[in-house]
Amino acid sequence: MCDLNWRLGCAMVAMATALAVTPAMAQQQTPPGTGDNLPLPSEPSAQTDAAPADGSTDGEIVVTGSRIRRPDFDTPSPVISLGAATIQQSGTTNLTDFLTGFPALQGSSTSADNSGSRAGIGGTGLNLLNLRNLGTERTLVLVDGRRHVAAVPGSQSVDINTLPIDLVERVDVLTGGASAIYGADAVTGVVNFVLKKDFEGLSARAQAGITEYGDAGKRLIGVTLGKNFASGRGNVALAYEYGEDSRLQARNRRQFTREGLTGFYRNPADPEFQSDYTGGASNGIPDRIPTRDPRYNDTAREGGIDVDFDGQPDYIVNAAGQLVPFDIGTVIQPGTSTGGNATRVADYQNDLLPDIKRHVVNLIGHYDVSPALTLYAEGKYANVKSFTLGQPSFDYYLQIADDNPYLPAALVGNGGVLVTRDNFDIGQRGERIERETFRSVVGARGAVSEHANYDVYYEFGQTNVVSNYINDVYDDRFLAAIDAVRNPANGQITCRVNLDSTAIPDQPYTDRYTGAPVTFRPGECVPFNLFGDNVASAAAFDFVRANTQDRSRIRQQVVNASLSGDFGQFFELPGGPVGFAVGGEYRKEESRFVPDPIAAQGLTFTNALGRDEGSFDVKEAFGELNVPLFRNVPFAHRLELGAAARVSDYSTIGTTTTWKVDGTWAPVRDLTFNGTYSKAVRAPNIGELFGARSQTFQFITDPCDRTEIQNGTQYRAANCQALLSGLGVTNPATYVDARTANIPGFSGGNLGLREEEATTWTAGAMLQPRFLPGFTLRADWYDIRLKNAINTVTAEQVAQLCVDQPTLDNPFCGLVTRTNTATNTADIGNITSFSVAPQNVARFATSGLDVNLNYRLDAGSIGRFNLRVIGNYLNKLEFFGTPGADVTNSRGEAFAPKYTVNTDLTWQLGNVTVNYGLSWFDKTLRYSNQVTQGNPDIVAPQYLYLKELWQHDIYLSVDATDRFQFFGGVNNVFGQKPEIATSTYPVSALGRYIFVGARVKLPTL
């Protein structure tokens, strides 16, 4: 294998070769002036944040959401278009961070969401888009109208890190089902990244930024070289981009986030939490209050020593090596206290941002053989490396024998002890992940006649993922190492297994591996001292510490052929010729995940993951019509109808059909009404179908705990009473689950899945008054209803859904295992295991109003102004767990505010450009609607809501010459901070962010 520099060189050579020897495919045409040439810094920004004021452009274009060329940029489907200048003025070096500022994409998964322990296994550094909060798997990401290979095994989720920021001409966000146009995965809409093309000369940008605290630095360098040849009939361009985001640790923000240092915990003054309380659920006293310095009171970094085997530590060995009493502090709820010397919750807070380094190379070229034939090719290589640290390993109730030489002398003769410990000294577990993406497109396009054009291409994409996990623990080594004894031959401390190869560690209180040694041989074991923080030898740490590696490969192949044009050579309607597009597509998706062979056997602390491998292919035929009924007649300045349909044959689920109809009516030039109605489908992806059964661990707050009964639906209390009584719980009304440990379970795929079905419609109007040139206002109502939804809920949600349905006879109760009198006389009723898998049991529904205002004003000597406002009213965001179940409405909860506004005001005068940006959304509930409605005194009124977002951004650029531009800005000018007990909401933990940069454009090489 080449090192990184060699890989970049090899990829560039390979793509150049492909360009030279293979035919190329037609690029999506963009509106003139938006993508044909990179503008000089002094020119107006090349962006299409809204349609032109007069609703027209020269020539015919292809817009997002259609395959038919149109004489204007208007479309019946609601599309928000964000241009390159808007991206640059945001100061971002991360496209997802930029896009989450807009209402439709608020729920997207950013680097902050995929760092530390918030990242799922193998998820560090991913940036995934999520339209309308209905899931990344329902959002189709396109590049120039074509699919892009995924970055997540088993899915079609595209890592936005692999897209070149400086090469993006604009981003189109299309709401509503687009499956009839683009195929599956587009049930909530499409995000289409349109790239710049036809470069001539050299363009370069360099940018660097840092927070007011001197950390979380971000750097970006982009260079593009382009050259026309053959008298302008051909063009080739090479673009390289390097981006780097520095890691940010939680401890660097505790001065204002207070996450971990302050949390909401049970109120000891609330009688509801007293054992003799028999009143109602709500008594006007807050159930939870902000609490300083919370601690896990049954464990310690130094090792909590339990001498009476009651599950509660009695001693620790402090930093001076002294045996001191374990101070439980003040208990605020089972497992949690304030004060004392137990492990701080804050100690478990970890990275807020991962370290990310990106190299992205793109090669684009075309050659016009004749008007009937254009050959072109595109190639891309992206290398993204990310790193983050999360939580350490931890152990409960490790049994230590009385002859262990590390056992404090005062405790010898007790018959052994139990130790509960947080293994910070072994190290925080982390992920170092490298994702390599290769993508190429080759094909041909041309004119069949004046009224028809063809387009044929082959696309290949592959993502290779190498995931390295550090500071994990080999179970067999750890359990053998802590079973230390003295060697009678020399008096030295050693492992028992070194003296007796048949001595297998016995740990009856833990589910850690207790079989024969697998990763070492007797005689190699190094004894480990559990009593104290960081007191074990370096050799012991090295012996138990595990570094493992998983590998994945995702591969995508697409063959597409289409014919588009109009019937103008045969007939025309009063509004013009009927436009059409027809074609076919073949697509094959493959995914393979190979876990580390040691970890796959369950021999490490981290979950045992199974090998996933699967594939499917789909053959599709599609067609689209645009019927211009009238144009420039009374009461019909423009009247058009449209329709599209797609039939798909999947190797996994068989045949599906999706379709849509749309219409546009402009009674006068100034006012246009638009509407769409569609039936969309999403086929299950590879992971949902073929995912291997793998081990997982999750914390579960038992919904049947007496303090949680009021936080559910009207059915919870009766269902918990019946469920616990049937297990043998004497008094279900007083049931308490006091455990704080992770609960083991399993997850996997489901071969019985069927397709999801969505009904979506939009209705809107666009105002472009002639008396106010440059003004455009568009408002669209959207409604998306998804049935037979494929949904994989968390373990805690499974437990809740079991008892929150009208009856216990539902698909979720069978997925939760609880103890009963036959299996365990102690802890009767406790959840001991669970199983999660995707099922076609859910429904989703969302609706709301999008508003897009754009006003461009040339004020002469005062300068040019541009105001853009994108707003959203969220009417509902509903989830139905099973058919007939009560609705769960998430509107007004975190990341789903009722109102959202994103505003940009740009002023340009001469060589100076100033931009002011404001992002705002209203306050949201700290707890879910369900919890808040069922338990109105969950917290005091002043804490019920998380505060509004008010983020102000400033950008300034100066054109030093017609070729050089300098720019800079400040994001979050007034330094808004996250809400109490959070680190990312309503604003990130960065604080003020300052950036500077420069651009250069040379018209010729």
# chains A, B, ... in the order shown; residues from 1 in each chain; ligands from 1
$ closest_atom_pairs --of "segment 112-218 of chain A" --to "segment 644-652 of chain A" --cutoff "12 Å" --atoms "only C-alpha atoms" --output "CSV"
residue,atom,partner,partner_atom,distance
A:Gly177,CA,A:Ala644,CA,11.5
A:Ala178,CA,A:Ala644,CA,9.6
A:Ser179,CA,A:Arg646,CA,7.7
A:Ala180,CA,A:Arg646,CA,5.0
A:Ile181,CA,A:Ala644,CA,6.9
A:Tyr182,CA,A:Arg646,CA,8.8
A:Gly183,CA,A:Arg646,CA,7.5
A:Ala184,CA,A:Ser648,CA,9.0
$ write_last_selection --atoms "C-alpha atoms" --output "PDB file, in the first residue's frame"
ATOM      1  CA  GLY A 177     -40.777  12.893  -2.226  1.00  0.00           C
ATOM      2  CA  ALA A 178     -38.469  12.728  -5.226  1.00  0.00           C
ATOM      3  CA  SER A 179     -38.360   8.957  -5.663  1.00  0.00           C
ATOM      4  CA  ALA A 180     -40.031   9.166  -9.078  1.00  0.00           C
ATOM      5  CA  ILE A 181     -37.155  11.321 -10.345  1.00  0.00           C
ATOM      6  CA  TYR A 182     -34.126   9.923  -8.521  1.00  0.00           C
ATOM      7  CA  GLY A 183     -35.181   6.583  -7.045  1.00  0.00           C
ATOM      8  CA  ALA A 184     -35.296   5.248  -3.498  1.00  0.00           C
TER       9      ALA A 184
END
$ residues_around --residues "Cys813 of chain A" --least-positions-apart "3" --cutoff "12 Å" --atoms "only C-alpha atoms" --output "list in words"
Asn719, Cys720, Leu723, Ala795, Glu796, Gln797, Val798, Ala799, Gln800, Leu801, Cys802, Val803, Asp804, Gln805, Thr807, Leu808, Asp809, Asn810, Val816, Thr817, Arg818, Ile831, Ser833, Phe834, Ser835 and Val836 of chain A
$ residues_around --residues "segment 630-633 of chain A" --least-positions-apart "2" --cutoff "9 Å" --atoms "only C-alpha atoms" --output "PyMOL selection string"
chain A and resi 573-576+628+635-640+666-669
$ closest_residue --among "A:Val473, A:Leu671, A:Leu815, A:Leu353" --to "Gly764 of chain A" --atoms "only C-alpha atoms"
A:Leu671
$ select_by_dssp --residues "segment 263-378 of chain A" --states "strand (DSSP E)" --output "PyMOL selection string"
chain A and resi 263-266+288-292+294-296+304-306+315-317+323-325+330-333+336-338+343-344+351-353+355-370+373-378
$ closest_atom_pairs --of "segment 98-212 of chain A" --to "segment 457-470 of chain A" --cutoff "8 Å" --atoms "only C-alpha atoms" --output "JSON lines"
{"residue": "A:Gly122", "atom": "CA", "partner": "A:Ser467", "partner_atom": "CA", "distance": 6.2}
{"residue": "A:His148", "atom": "CA", "partner": "A:Gly461", "partner_atom": "CA", "distance": 7.0}
{"residue": "A:Val149", "atom": "CA", "partner": "A:Gly461", "partner_atom": "CA", "distance": 5.2}
{"residue": "A:Ala150", "atom": "CA", "partner": "A:Thr463", "partner_atom": "CA", "distance": 7.0}
{"residue": "A:Ala151", "atom": "CA", "partner": "A:Thr463", "partner_atom": "CA", "distance": 6.0}
$ write_last_selection --atoms "N, CA and C atoms" --output "PDB file, in the first residue's frame"
ATOM      1  N   GLY A 122     -17.463   3.182  15.169  1.00  0.00           N
ATOM      2  CA  GLY A 122     -17.079   3.425  13.783  1.00  0.00           C
ATOM      3  C   GLY A 122     -17.645   4.689  13.189  1.00  0.00           C
ATOM      4  N   HIS A 148     -24.057   9.262  -5.060  1.00  0.00           N
ATOM      5  CA  HIS A 148     -22.685   9.239  -4.557  1.00  0.00           C
ATOM      6  C   HIS A 148     -22.555   8.052  -3.624  1.00  0.00           C
ATOM      7  N   VAL A 149     -21.417   7.379  -3.649  1.00  0.00           N
ATOM      8  CA  VAL A 149     -21.218   6.202  -2.813  1.00  0.00           C
ATOM      9  C   VAL A 149     -21.272   6.597  -1.333  1.00  0.00           C
ATOM     10  N   ALA A 150     -21.805   5.690  -0.529  1.00  0.00           N
ATOM     11  CA  ALA A 150     -21.985   5.952   0.898  1.00  0.00           C
ATOM     12  C   ALA A 150     -20.667   5.807   1.654  1.00  0.00           C
ATOM     13  N   ALA A 151     -20.687   6.219   2.925  1.00  0.00           N
ATOM     14  CA  ALA A 151     -19.519   6.096   3.799  1.00  0.00           C
ATOM     15  C   ALA A 151     -19.807   5.240   5.020  1.00  0.00           C
TER      16      ALA A 151
END
$ closest_residue --among "A:Arg253, A:Lys679, A:Arg233, A:Arg69" --to "Tyr213 of chain A" --atoms "only C-alpha atoms"
A:Arg253
$ residues_around --residues "Gly997 of chain A" --least-positions-apart "3" --cutoff "7 Å" --atoms "only C-alpha atoms" --output "list in words"
Ala206, Gln207, Ala208, Phe966, Phe967 and Gly968 of chain A
$ select_by_dssp --residues "segment 909-958 of chain A" --states "alpha helix (DSSP H)" --output "number ranges by chain"
A: 929-934
$ write_last_selection --atoms "N, CA and C atoms" --output "PDB file, in the first residue's frame"
ATOM      1  N   ASN A 929     -42.205  16.121  24.756  1.00  0.00           N
ATOM      2  CA  ASN A 929     -43.601  16.500  24.952  1.00  0.00           C
ATOM      3  C   ASN A 929     -44.326  15.481  25.813  1.00  0.00           C
ATOM      4  N   GLN A 930     -44.035  14.206  25.576  1.00  0.00           N
ATOM      5  CA  GLN A 930     -44.719  13.158  26.322  1.00  0.00           C
ATOM      6  C   GLN A 930     -44.423  13.252  27.809  1.00  0.00           C
ATOM      7  N   VAL A 931     -43.146  13.440  28.143  1.00  0.00           N
ATOM      8  CA  VAL A 931     -42.767  13.560  29.555  1.00  0.00           C
ATOM      9  C   VAL A 931     -43.355  14.823  30.160  1.00  0.00           C
ATOM     10  N   THR A 932     -43.251  15.927  29.442  1.00  0.00           N
ATOM     11  CA  THR A 932     -43.710  17.207  29.973  1.00  0.00           C
ATOM     12  C   THR A 932     -45.217  17.213  30.188  1.00  0.00           C
ATOM     13  N   GLN A 933     -45.977  16.639  29.250  1.00  0.00           N
ATOM     14  CA  GLN A 933     -47.432  16.616  29.394  1.00  0.00           C
ATOM     15  C   GLN A 933     -47.869  15.662  30.492  1.00  0.00           C
ATOM     16  N   GLY A 934     -47.181  14.518  30.608  1.00  0.00           N
ATOM     17  CA  GLY A 934     -47.559  13.565  31.636  1.00  0.00           C
ATOM     18  C   GLY A 934     -47.062  13.929  33.017  1.00  0.00           C
TER      19      GLY A 934
END
$ atom_distance --atom1 "atom CA of Gly415 of chain A" --atom2 "atom CA of Ile305 of chain A"
13.0 Å
$ residues_around --residues "Tyr296 of chain A" --least-positions-apart "3" --cutoff "6 Å" --atoms "only C-alpha atoms" --output "PDB file with N, CA and C atoms, in the first residue's frame"
ATOM      1  N   GLY A 335     -27.814   5.401  42.833  1.00  0.00           N
ATOM      2  CA  GLY A 335     -26.626   5.390  42.002  1.00  0.00           C
ATOM      3  C   GLY A 335     -25.950   6.730  41.841  1.00  0.00           C
ATOM      4  N   THR A 336     -26.548   7.815  42.317  1.00  0.00           N
ATOM      5  CA  THR A 336     -26.004   9.151  42.109  1.00  0.00           C
ATOM      6  C   THR A 336     -26.035   9.949  43.396  1.00  0.00           C
ATOM      7  N   THR A 343     -16.670   8.572  41.624  1.00  0.00           N
ATOM      8  CA  THR A 343     -16.321   9.085  40.298  1.00  0.00           C
ATOM      9  C   THR A 343     -17.274  10.197  39.884  1.00  0.00           C
TER      10      THR A 343
END
$ closest_residue --among "A:Asp542, A:Asp347, A:Asp159, A:Asp355" --to "Arg435 of chain A" --atoms "only C-alpha atoms"
A:Asp159
$ residues_around --residues "Thr188 of chain A" --least-positions-apart "5" --cutoff "12 Å" --atoms "only C-alpha atoms" --output "count of residues only"
44
$ residues_around --residues "Arg754 of chain A" --least-positions-apart "6" --cutoff "12 Å" --atoms "only C-alpha atoms" --output "PyMOL selection string"
chain A and resi 650+652-656+681-685+688-689+787-791+838-841
$ closest_residue --among "A:Leu407, A:Ala859, A:Val152, A:Leu479" --to "Gly120 of chain A" --atoms "only C-alpha atoms"
A:Val152
$ closest_atom_pairs --of "segment 502-616 of chain A" --to "segment 318-324 of chain A" --cutoff "10 Å" --atoms "only C-alpha atoms" --output "Markdown table"
| residue | atom | partner | partner_atom | distance |
| --- | --- | --- | --- | --- |
| A:Phe531 | CA | A:Gly321 | CA | 8.6 |
| A:Gly532 | CA | A:Asn318 | CA | 6.2 |
| A:Asp533 | CA | A:Ala319 | CA | 7.1 |
| A:Asn534 | CA | A:Ala319 | CA | 9.1 |
| A:Val535 | CA | A:Ala319 | CA | 9.0 |
$ write_last_selection --atoms "C-alpha atoms" --output "mmCIF file, in the first residue's frame"
data_model
loop_
_atom_site.group_PDB
_atom_site.id
_atom_site.type_symbol
_atom_site.label_atom_id
_atom_site.label_comp_id
_atom_site.auth_asym_id
_atom_site.auth_seq_id
_atom_site.Cartn_x
_atom_site.Cartn_y
_atom_site.Cartn_z
ATOM 1 C CA PHE A 531 -6.229 -0.634 44.320
ATOM 2 C CA GLY A 532 -5.551 2.991 43.480
ATOM 3 C CA ASP A 533 -5.575 5.245 40.437
ATOM 4 C CA ASN A 534 -2.666 4.717 38.031
ATOM 5 C CA VAL A 535 -0.691 2.500 40.445
#
$ closest_atom_pairs --of "segment 125-243 of chain A" --to "segment 94-99 of chain A" --cutoff "12 Å" --atoms "only C-alpha atoms" --output "tab-separated table"
residue	atom	partner	partner_atom	distance
A:Gly125	CA	A:Asn94	CA	11.2
A:Leu126	CA	A:Thr96	CA	9.8
A:Asn127	CA	A:Thr96	CA	6.2
A:Leu128	CA	A:Thr96	CA	7.3
A:Leu129	CA	A:Thr96	CA	7.1
A:Asn130	CA	A:Thr96	CA	10.0
A:Leu131	CA	A:Leu99	CA	10.5
A:Val158	CA	A:Thr96	CA	11.4
A:Asp159	CA	A:Thr96	CA	9.4
A:Ile160	CA	A:Thr96	CA	6.7
A:Asn161	CA	A:Asn94	CA	7.3
A:Thr162	CA	A:Leu95	CA	10.1
A:Leu163	CA	A:Leu95	CA	8.4
A:Pro164	CA	A:Leu95	CA	9.0
A:Ile165	CA	A:Leu95	CA	6.7
A:Asp166	CA	A:Leu95	CA	10.1
A:Leu167	CA	A:Leu95	CA	11.6
A:Val168	CA	A:Leu95	CA	9.8
A:Arg170	CA	A:Leu95	CA	11.3
A:Val171	CA	A:Leu99	CA	9.1
A:Asp172	CA	A:Leu99	CA	10.7
A:Val173	CA	A:Leu99	CA	9.6
A:Val191	CA	A:Leu99	CA	10.1
A:Phe193	CA	A:Leu95	CA	10.5
A:Lys218	CA	A:Asn94	CA	9.3
A:Arg219	CA	A:Asn94	CA	10.3
A:Leu220	CA	A:Asn94	CA	9.6
A:Tyr242	CA	A:Asn94	CA	11.7
A:Gly243	CA	A:Asn94	CA	8.7
$ write_last_selection --atoms "N, CA and C atoms" --output "CSV table (one decimal), in the first residue's frame"
chain,number,residue,atom,x,y,z
A,125,GLY,N,-16.4,11.3,13.4
A,125,GLY,CA,-16.1,12.3,12.4
A,125,GLY,C,-17.1,12.4,11.2
A,126,LEU,N,-18.1,11.5,11.2
A,126,LEU,CA,-19.1,11.5,10.1
A,126,LEU,C,-19.9,12.7,10.0
A,127,ASN,N,-20.3,13.2,8.9
A,127,ASN,CA,-21.2,14.3,8.6
A,127,ASN,C,-22.3,13.8,7.7
A,128,LEU,N,-23.5,13.6,8.3
A,128,LEU,CA,-24.6,13.0,7.5
A,128,LEU,C,-25.8,14.0,7.5
A,129,LEU,N,-26.5,14.1,6.4
A,129,LEU,CA,-27.6,15.0,6.3
A,129,LEU,C,-28.9,14.3,6.6
A,130,ASN,N,-29.8,15.1,7.2
A,130,ASN,CA,-31.1,14.5,7.7
A,130,ASN,C,-32.2,15.6,7.4
A,131,LEU,N,-32.9,15.3,6.3
A,131,LEU,CA,-34.0,16.2,5.9
A,131,LEU,C,-35.2,16.0,6.8
A,158,VAL,N,-24.2,9.4,2.8
A,158,VAL,CA,-23.0,10.0,2.2
A,158,VAL,C,-22.3,10.9,3.3
A,159,ASP,N,-21.0,10.7,3.4
A,159,ASP,CA,-20.3,11.5,4.3
A,159,ASP,C,-19.9,12.8,3.6
A,160,ILE,N,-20.5,13.9,4.1
A,160,ILE,CA,-20.3,15.2,3.4
A,160,ILE,C,-18.8,15.7,3.5
A,161,ASN,N,-18.1,15.1,4.4
A,161,ASN,CA,-16.6,15.4,4.4
A,161,ASN,C,-15.9,15.1,3.1
A,162,THR,N,-16.5,14.2,2.3
A,162,THR,CA,-15.8,13.8,1.1
A,162,THR,C,-16.1,14.8,0.0
A,163,LEU,N,-17.0,15.8,0.2
A,163,LEU,CA,-17.3,16.7,-0.9
A,163,LEU,C,-16.4,17.9,-0.8
A,164,PRO,N,-15.9,18.4,-1.9
A,164,PRO,CA,-15.0,19.6,-1.8
A,164,PRO,C,-15.7,20.9,-1.6
A,165,ILE,N,-15.5,21.5,-0.5
A,165,ILE,CA,-16.2,22.8,-0.2
A,165,ILE,C,-16.0,23.8,-1.3
A,166,ASP,N,-14.7,24.0,-1.6
A,166,ASP,CA,-14.4,25.1,-2.6
A,166,ASP,C,-14.8,24.9,-4.0
A,167,LEU,N,-15.2,23.6,-4.3
A,167,LEU,CA,-15.6,23.3,-5.6
A,167,LEU,C,-17.1,23.3,-5.8
A,168,VAL,N,-17.8,23.6,-4.7
A,168,VAL,CA,-19.3,23.6,-4.7
A,168,VAL,C,-19.8,24.9,-5.3
A,170,ARG,N,-23.2,25.5,-5.9
A,170,ARG,CA,-24.4,25.8,-5.1
A,170,ARG,C,-24.9,24.5,-4.5
A,171,VAL,N,-25.8,24.6,-3.5
A,171,VAL,CA,-26.4,23.4,-2.9
A,171,VAL,C,-27.9,23.6,-3.0
A,172,ASP,N,-28.6,22.7,-3.6
A,172,ASP,CA,-30.0,22.7,-3.8
A,172,ASP,C,-30.7,21.8,-2.8
A,173,VAL,N,-31.6,22.3,-2.0
A,173,VAL,CA,-32.3,21.5,-1.0
A,173,VAL,C,-33.8,21.4,-1.5
A,191,VAL,N,-30.8,16.5,-1.4
A,191,VAL,CA,-29.8,17.6,-1.3
A,191,VAL,C,-28.8,17.4,-2.4
A,193,PHE,N,-25.6,18.7,-4.6
A,193,PHE,CA,-24.4,19.5,-4.6
A,193,PHE,C,-24.0,19.7,-6.1
A,218,LYS,N,-9.4,25.6,12.8
A,218,LYS,CA,-9.9,25.0,11.5
A,218,LYS,C,-9.1,25.6,10.4
A,219,ARG,N,-8.6,24.8,9.4
A,219,ARG,CA,-7.8,25.3,8.3
A,219,ARG,C,-8.3,24.7,7.0
A,220,LEU,N,-8.3,25.5,5.9
A,220,LEU,CA,-8.7,25.0,4.6
A,220,LEU,C,-7.8,25.6,3.5
A,242,TYR,N,-7.5,20.7,1.0
A,242,TYR,CA,-7.1,20.1,2.3
A,242,TYR,C,-7.8,20.9,3.4
A,243,GLY,N,-8.5,20.1,4.3
A,243,GLY,CA,-9.2,20.7,5.4
A,243,GLY,C,-8.7,20.0,6.7
$ closest_residue --among "A:Asp422, A:Glu60, A:Asp113, A:Asp483" --to "Ser988 of chain A" --atoms "only C-alpha atoms"
A:Asp113
$ decode --residues "segment 350-415 of chain A" --atoms "C-alpha atoms" --output "mmCIF file, in the first residue's frame"
data_model
loop_
_atom_site.group_PDB
_atom_site.id
_atom_site.type_symbol
_atom_site.label_atom_id
_atom_site.label_comp_id
_atom_site.auth_asym_id
_atom_site.auth_seq_id
_atom_site.Cartn_x
_atom_site.Cartn_y
_atom_site.Cartn_z
ATOM 1 C CA ASN A 350 -15.165 13.579 26.631
ATOM 2 C CA ASP A 351 -14.460 15.113 23.250
ATOM 3 C CA LEU A 352 -16.819 17.795 21.969
ATOM 4 C CA LEU A 353 -15.199 17.782 18.518
ATOM 5 C CA PRO A 354 -13.011 15.180 16.822
ATOM 6 C CA ASP A 355 -9.758 15.765 15.010
ATOM 7 C CA ILE A 356 -10.426 15.612 11.255
ATOM 8 C CA LYS A 357 -8.018 15.842 8.325
ATOM 9 C CA ARG A 358 -9.366 15.799 4.749
ATOM 10 C CA HIS A 359 -7.646 15.464 1.381
ATOM 11 C CA VAL A 360 -10.002 15.702 -1.604
ATOM 12 C CA VAL A 361 -8.862 15.549 -5.245
ATOM 13 C CA ASN A 362 -11.221 16.049 -8.191
ATOM 14 C CA LEU A 363 -10.460 15.759 -11.897
ATOM 15 C CA ILE A 364 -13.108 16.935 -14.373
ATOM 16 C CA GLY A 365 -12.935 17.159 -18.128
ATOM 17 C CA HIS A 366 -14.903 17.002 -21.354
ATOM 18 C CA TYR A 367 -14.368 17.075 -25.096
ATOM 19 C CA ASP A 368 -16.969 18.111 -27.683
ATOM 20 C CA VAL A 369 -16.496 15.753 -30.618
ATOM 21 C CA SER A 370 -19.506 17.277 -32.376
ATOM 22 C CA PRO A 371 -22.909 18.743 -31.449
ATOM 23 C CA ALA A 372 -24.109 15.157 -31.338
ATOM 24 C CA LEU A 373 -21.370 13.824 -29.073
ATOM 25 C CA THR A 374 -19.603 15.129 -25.999
ATOM 26 C CA LEU A 375 -17.316 12.800 -24.089
ATOM 27 C CA TYR A 376 -16.376 13.518 -20.537
ATOM 28 C CA ALA A 377 -15.158 11.979 -17.323
ATOM 29 C CA GLU A 378 -15.003 12.810 -13.650
ATOM 30 C CA GLY A 379 -12.804 11.273 -10.989
ATOM 31 C CA LYS A 380 -12.476 11.846 -7.278
ATOM 32 C CA TYR A 381 -10.276 10.633 -4.462
ATOM 33 C CA ALA A 382 -11.018 11.613 -0.862
ATOM 34 C CA ASN A 383 -9.039 10.634 2.208
ATOM 35 C CA VAL A 384 -10.603 11.571 5.554
ATOM 36 C CA LYS A 385 -8.942 10.754 8.867
ATOM 37 C CA SER A 386 -10.681 11.352 12.191
ATOM 38 C CA PHE A 387 -9.753 10.778 15.811
ATOM 39 C CA THR A 388 -11.597 11.110 19.110
ATOM 40 C CA LEU A 389 -11.493 9.834 22.689
ATOM 41 C CA GLY A 390 -14.573 8.681 24.571
ATOM 42 C CA GLN A 391 -15.215 6.826 27.822
ATOM 43 C CA PRO A 392 -12.848 4.393 29.522
ATOM 44 C CA SER A 393 -13.722 0.809 30.328
ATOM 45 C CA PHE A 394 -15.359 0.164 33.699
ATOM 46 C CA ASP A 395 -16.108 -2.832 35.908
ATOM 47 C CA TYR A 396 -18.660 -3.659 38.574
ATOM 48 C CA TYR A 397 -18.186 -6.129 41.415
ATOM 49 C CA LEU A 398 -14.881 -7.729 40.444
ATOM 50 C CA GLN A 399 -14.165 -10.479 42.981
ATOM 51 C CA ILE A 400 -10.656 -10.261 44.433
ATOM 52 C CA ALA A 401 -9.360 -13.212 46.444
ATOM 53 C CA ASP A 402 -8.026 -12.855 49.988
ATOM 54 C CA ASP A 403 -4.524 -13.920 48.910
ATOM 55 C CA ASN A 404 -4.155 -11.091 46.391
ATOM 56 C CA PRO A 405 -0.917 -9.301 47.449
ATOM 57 C CA TYR A 406 -2.233 -5.921 46.307
ATOM 58 C CA LEU A 407 -5.154 -6.153 48.725
ATOM 59 C CA PRO A 408 -4.632 -3.601 51.537
ATOM 60 C CA ALA A 409 -3.339 -5.401 54.646
ATOM 61 C CA ALA A 410 -6.206 -4.152 56.796
ATOM 62 C CA LEU A 411 -8.672 -6.052 54.597
ATOM 63 C CA VAL A 412 -6.856 -9.401 54.504
ATOM 64 C CA GLY A 413 -8.815 -12.100 56.283
ATOM 65 C CA ASN A 414 -12.164 -10.790 55.097
ATOM 66 C CA GLY A 415 -12.523 -13.667 52.629
#
